[in-house]
Each structure stands twice: as C-alpha cells, then as structure tokens.
Amino acid sequence: MAEQSILSDDDFLLEDDIFSESAFSKPDNRKVKKNNNFFQQLPVQVTLELASAEMSLGELNRMGEGDVIALDRMVGEPLDIRVNGALLGRGKVVEVAGRYGVRLLEIESITLDGTSNE
C-alpha cells in the first residue's frame with residue numbers, strides 16, 4: 001500500500017508579503033500601439049437606403065404592376081449609408097466608370113455598438 005502524507009494547516013498558509021503593495025504591478029500609463037490588422041480584414045455589409053414607406057399588408061397585397069409607392073424622402077435628399085445596419089452617414093449616388101458609387105457627404109459620430117456619441 002502506498003504511503004499517504006497528511007498535510008498540516010501550515011502547508012496551506014500564504015506568505016504575508018504577497019499581499020504587499022510592491023507585489024502588485026502598477027498599470028503602465030504609456031499607450032501601447034495595438035495592431036489592428038485583424039480588424040481591417042473583417043468583412044462588413046454596406047447598405048444604401050434611398051427611402052422607406054410604411055404600409056399595411058392589405059395595401060401591399062392590392063398593389064399591381066405600374067402602381068407607385070410614395071416614399072418618405074424628397075428627390076435630391078442624401079441617402080443613408082448603413083454598415084451592418086448601423087447608420088454610418090449620408091451620401092449621394094454618383095457614377096464611377098459606368099458603375100454606381102456613393103460620395104460620402106457626412107459621417108455620423110458612432111461607436112462600435114451602433115450608438116451615437118452625441
């Protein structure tokens with residue numbers, strides 16, 4: 001049969017100096033430049049929102065070819081630019097080498113969770 005050792009209370013006591021102030025490191029106040037290359041590669045969904053309209057399902061069901069839905073924006077008003085659903089800013093549609101593009105007119109002050117800083 002293997003020998004069993006019995007531990008005493010002294011085996012579990014901690015040294016008093018581990019709780020002294022010198023045992024804890026102080027935070028480094030220097031700013032460390034973080035490598036954000038990982039975040040630069042994350043894909044996001046950019047959406048341009050021209051305008052919107054609210055209507056009942058019944059109204060939508062009665063619509064047919066040629067019907068017009070009145071939208072909540074005036075002609076020439078800037079489009080909303082959304083990134084993953086959060087408002088990034090506003091812009092206008094432009095043509096770039098025969099393709100659609102958007103020119104940024106204003107950028108919202110937002111945080112990563114989509115809330116405004118204002």
# chains A, B, ... in the order shown; residues from 1 in each chain; ligands from 1
call {"tool": "residues_around", "arguments": {"residues": "range 80-94 of chain A", "least_positions_apart": "2", "cutoff": "7 Å", "atoms": "only C-alpha atoms", "output": "ChimeraX atom specification"}}
result
/A:44-50,78,96,100-108,114
call {"tool": "select_by_dssp", "arguments": {"residues": "range 27-97 of chain A", "states": "helix (DSSP H, G or I)", "output": "MDAnalysis selection string"}}
result
chainID A and resid 37:40 57:62
call {"tool": "write_last_selection", "arguments": {"atoms": "all heavy atoms", "output": "tab-separated table (two decimals), in the first residue's frame"}}
result
chain	number	residue	atom	x	y	z
A	37	ASN	N	-4.56	45.11	-37.63
A	37	ASN	CA	-4.66	44.48	-38.95
A	37	ASN	C	-5.77	43.45	-39.00
A	37	ASN	O	-6.43	43.29	-40.02
A	37	ASN	CB	-3.33	43.83	-39.34
A	37	ASN	CG	-2.29	44.87	-39.70
A	37	ASN	OD1	-2.62	46.01	-40.00
A	37	ASN	ND2	-1.04	44.49	-39.64
A	38	PHE	N	-5.99	42.74	-37.91
A	38	PHE	CA	-7.06	41.74	-37.87
A	38	PHE	C	-8.41	42.39	-38.17
A	38	PHE	O	-9.19	41.90	-38.98
A	38	PHE	CB	-7.10	41.07	-36.49
A	38	PHE	CG	-8.30	40.19	-36.28
A	38	PHE	CD1	-8.36	38.93	-36.85
A	38	PHE	CD2	-9.38	40.63	-35.54
A	38	PHE	CE1	-9.47	38.12	-36.67
A	38	PHE	CE2	-10.50	39.83	-35.35
A	38	PHE	CZ	-10.54	38.57	-35.93
A	39	PHE	N	-8.68	43.54	-37.53
A	39	PHE	CA	-9.96	44.21	-37.71
A	39	PHE	C	-10.10	44.82	-39.11
A	39	PHE	O	-11.20	44.95	-39.62
A	39	PHE	CB	-10.15	45.29	-36.65
A	39	PHE	CG	-10.24	44.72	-35.27
A	39	PHE	CD1	-9.18	44.83	-34.39
A	39	PHE	CD2	-11.36	44.04	-34.85
A	39	PHE	CE1	-9.24	44.29	-33.12
A	39	PHE	CE2	-11.45	43.50	-33.58
A	39	PHE	CZ	-10.39	43.62	-32.72
A	40	GLN	N	-8.98	45.17	-39.72
A	40	GLN	CA	-9.02	45.76	-41.05
A	40	GLN	C	-9.50	44.75	-42.08
A	40	GLN	O	-9.97	45.12	-43.15
A	40	GLN	CB	-7.63	46.27	-41.45
A	40	GLN	CG	-7.09	47.36	-40.55
A	40	GLN	CD	-7.90	48.63	-40.61
A	40	GLN	OE1	-8.43	48.99	-41.66
A	40	GLN	NE2	-8.01	49.33	-39.50
A	57	LEU	N	-50.20	45.27	-44.86
A	57	LEU	CA	-50.08	44.11	-45.73
A	57	LEU	C	-51.21	44.10	-46.76
A	57	LEU	O	-51.00	43.73	-47.91
A	57	LEU	CB	-50.09	42.82	-44.88
A	57	LEU	CG	-49.78	41.52	-45.60
A	57	LEU	CD1	-48.46	41.59	-46.34
A	57	LEU	CD2	-49.78	40.37	-44.62
A	58	GLY	N	-52.38	44.56	-46.34
A	58	GLY	CA	-53.52	44.65	-47.27
A	58	GLY	C	-53.23	45.60	-48.42
A	58	GLY	O	-53.52	45.30	-49.58
A	59	GLU	N	-52.66	46.79	-48.11
A	59	GLU	CA	-52.32	47.75	-49.16
A	59	GLU	C	-51.28	47.15	-50.11
A	59	GLU	O	-51.39	47.28	-51.33
A	59	GLU	CB	-51.75	49.03	-48.54
A	59	GLU	CG	-52.77	49.88	-47.80
A	59	GLU	CD	-52.10	51.02	-47.06
A	59	GLU	OE1	-51.12	50.77	-46.32
A	59	GLU	OE2	-52.57	52.16	-47.23
A	60	LEU	N	-50.30	46.48	-49.54
A	60	LEU	CA	-49.26	45.87	-50.35
A	60	LEU	C	-49.84	44.77	-51.24
A	60	LEU	O	-49.50	44.64	-52.41
A	60	LEU	CB	-48.17	45.30	-49.44
A	60	LEU	CG	-46.90	44.78	-50.11
A	60	LEU	CD1	-46.22	45.89	-50.91
A	60	LEU	CD2	-45.96	44.24	-49.07
A	61	ASN	N	-50.79	44.03	-50.70
A	61	ASN	CA	-51.42	42.94	-51.44
A	61	ASN	C	-52.26	43.45	-52.62
A	61	ASN	O	-52.39	42.77	-53.64
A	61	ASN	CB	-52.29	42.11	-50.49
A	61	ASN	CG	-52.67	40.77	-51.06
A	61	ASN	OD1	-51.89	40.17	-51.79
A	61	ASN	ND2	-53.86	40.31	-50.72
A	62	ARG	N	-52.84	44.65	-52.47
A	62	ARG	CA	-53.67	45.22	-53.54
A	62	ARG	C	-52.85	45.87	-54.65
A	62	ARG	O	-53.39	46.24	-55.68
A	62	ARG	CB	-54.63	46.25	-52.95
A	62	ARG	CG	-55.78	45.63	-52.15
A	62	ARG	CD	-56.81	46.65	-51.75
A	62	ARG	NE	-56.30	47.66	-50.82
A	62	ARG	CZ	-56.25	47.53	-49.49
A	62	ARG	NH1	-56.67	46.41	-48.93
A	62	ARG	NH2	-55.78	48.48	-48.73
call {"tool": "select_by_dssp", "arguments": {"residues": "range 30-109 of chain A", "states": "strand (DSSP E)", "output": "PyMOL selection string"}}
result
chain A and resi 46-49+79-83+86-96+99-107
call {"tool": "write_last_selection", "arguments": {"atoms": "N, CA and C atoms", "output": "mmCIF file, in the first residue's frame"}}
result
data_model
loop_
_atom_site.group_PDB
_atom_site.id
_atom_site.type_symbol
_atom_site.label_atom_id
_atom_site.label_comp_id
_atom_site.auth_asym_id
_atom_site.auth_seq_id
_atom_site.Cartn_x
_atom_site.Cartn_y
_atom_site.Cartn_z
ATOM 1 N N VAL A 46 -22.280 46.903 -46.355
ATOM 2 C CA VAL A 46 -22.600 48.317 -46.552
ATOM 3 C C VAL A 46 -23.894 48.392 -47.356
ATOM 4 N N THR A 47 -24.867 49.145 -46.835
ATOM 5 C CA THR A 47 -26.175 49.267 -47.466
ATOM 6 C C THR A 47 -26.505 50.739 -47.677
ATOM 7 N N LEU A 48 -27.054 51.068 -48.831
ATOM 8 C CA LEU A 48 -27.529 52.423 -49.104
ATOM 9 C C LEU A 48 -29.044 52.401 -49.019
ATOM 10 N N GLU A 49 -29.592 53.269 -48.185
ATOM 11 C CA GLU A 49 -31.040 53.323 -48.003
ATOM 12 C C GLU A 49 -31.564 54.588 -48.659
ATOM 13 N N LEU A 79 -28.775 59.913 -49.309
ATOM 14 C CA LEU A 79 -29.103 58.543 -48.918
ATOM 15 C C LEU A 79 -28.459 58.241 -47.564
ATOM 16 N N ASP A 80 -29.070 57.354 -46.795
ATOM 17 C CA ASP A 80 -28.438 56.860 -45.573
ATOM 18 C C ASP A 80 -27.467 55.749 -45.951
ATOM 19 N N ILE A 81 -26.283 55.782 -45.383
ATOM 20 C CA ILE A 81 -25.291 54.727 -45.592
ATOM 21 C C ILE A 81 -25.208 53.956 -44.290
ATOM 22 N N ARG A 82 -25.503 52.674 -44.355
ATOM 23 C CA ARG A 82 -25.508 51.825 -43.160
ATOM 24 C C ARG A 82 -24.447 50.747 -43.295
ATOM 25 N N VAL A 83 -23.775 50.477 -42.186
ATOM 26 C CA VAL A 83 -22.789 49.404 -42.121
ATOM 27 C C VAL A 83 -23.287 48.411 -41.083
ATOM 28 N N ALA A 86 -26.060 49.700 -38.846
ATOM 29 C CA ALA A 86 -25.849 50.940 -38.085
ATOM 30 C C ALA A 86 -25.582 52.095 -39.052
ATOM 31 N N LEU A 87 -26.178 53.247 -38.761
ATOM 32 C CA LEU A 87 -26.016 54.422 -39.625
ATOM 33 C C LEU A 87 -24.573 54.923 -39.576
ATOM 34 N N LEU A 88 -23.896 54.904 -40.720
ATOM 35 C CA LEU A 88 -22.532 55.428 -40.831
ATOM 36 C C LEU A 88 -22.563 56.903 -41.198
ATOM 37 N N GLY A 89 -23.447 57.275 -42.118
ATOM 38 C CA GLY A 89 -23.517 58.660 -42.562
ATOM 39 C C GLY A 89 -24.495 58.798 -43.710
ATOM 40 N N ARG A 90 -24.286 59.871 -44.492
ATOM 41 C CA ARG A 90 -25.162 60.135 -45.630
ATOM 42 C C ARG A 90 -24.308 60.418 -46.857
ATOM 43 N N GLY A 91 -24.886 60.121 -48.014
ATOM 44 C CA GLY A 91 -24.139 60.333 -49.241
ATOM 45 C C GLY A 91 -25.061 60.496 -50.421
ATOM 46 N N LYS A 92 -24.463 60.664 -51.595
ATOM 47 C CA LYS A 92 -25.268 60.780 -52.814
ATOM 48 C C LYS A 92 -24.712 59.806 -53.851
ATOM 49 N N VAL A 93 -25.613 59.350 -54.710
ATOM 50 C CA VAL A 93 -25.238 58.400 -55.752
ATOM 51 C C VAL A 93 -24.454 59.129 -56.834
ATOM 52 N N VAL A 94 -23.365 58.496 -57.274
ATOM 53 C CA VAL A 94 -22.545 59.024 -58.366
ATOM 54 C C VAL A 94 -22.238 57.884 -59.331
ATOM 55 N N GLU A 95 -21.760 58.244 -60.513
ATOM 56 C CA GLU A 95 -21.335 57.237 -61.475
ATOM 57 C C GLU A 95 -19.819 57.196 -61.477
ATOM 58 N N VAL A 96 -19.273 55.988 -61.376
ATOM 59 C CA VAL A 96 -17.826 55.805 -61.383
ATOM 60 C C VAL A 96 -17.505 54.746 -62.431
ATOM 61 N N ARG A 99 -20.350 52.562 -63.392
ATOM 62 C CA ARG A 99 -20.984 51.813 -62.301
ATOM 63 C C ARG A 99 -21.482 52.805 -61.258
ATOM 64 N N TYR A 100 -22.442 52.348 -60.437
ATOM 65 C CA TYR A 100 -22.918 53.189 -59.345
ATOM 66 C C TYR A 100 -21.865 53.274 -58.258
ATOM 67 N N GLY A 101 -21.808 54.429 -57.602
ATOM 68 C CA GLY A 101 -20.962 54.632 -56.433
ATOM 69 C C GLY A 101 -21.698 55.556 -55.490
ATOM 70 N N VAL A 102 -21.098 55.847 -54.363
ATOM 71 C CA VAL A 102 -21.698 56.784 -53.414
ATOM 72 C C VAL A 102 -20.612 57.718 -52.903
ATOM 73 N N ARG A 103 -20.921 59.001 -52.922
ATOM 74 C CA ARG A 103 -19.989 60.000 -52.389
ATOM 75 C C ARG A 103 -20.431 60.321 -50.968
ATOM 76 N N LEU A 104 -19.520 60.178 -50.008
ATOM 77 C CA LEU A 104 -19.829 60.481 -48.611
ATOM 78 C C LEU A 104 -19.987 61.980 -48.432
ATOM 79 N N LEU A 105 -21.112 62.392 -47.897
ATOM 80 C CA LEU A 105 -21.374 63.803 -47.633
ATOM 81 C C LEU A 105 -21.172 64.136 -46.157
ATOM 82 N N GLU A 106 -21.543 63.202 -45.293
ATOM 83 C CA GLU A 106 -21.338 63.392 -43.854
ATOM 84 C C GLU A 106 -21.213 62.034 -43.188
ATOM 85 N N ILE A 107 -20.435 62.001 -42.126
ATOM 86 C CA ILE A 107 -20.237 60.770 -41.372
ATOM 87 C C ILE A 107 -20.727 60.990 -39.952
#
call {"tool": "atom_distance", "arguments": {"atom1": "CA of Val75 in chain A", "atom2": "CA of Ser109 in chain A"}}
result
25.5 Å
call {"tool": "atom_distance", "arguments": {"atom1": "CA of Ser52 in chain A", "atom2": "CA of Leu71 in chain A"}}
result
5.4 Å
call {"tool": "atom_distance", "arguments": {"atom1": "CA of Gly98 in chain A", "atom2": "CA of Glu77 in chain A"}}
result
22.3 Å
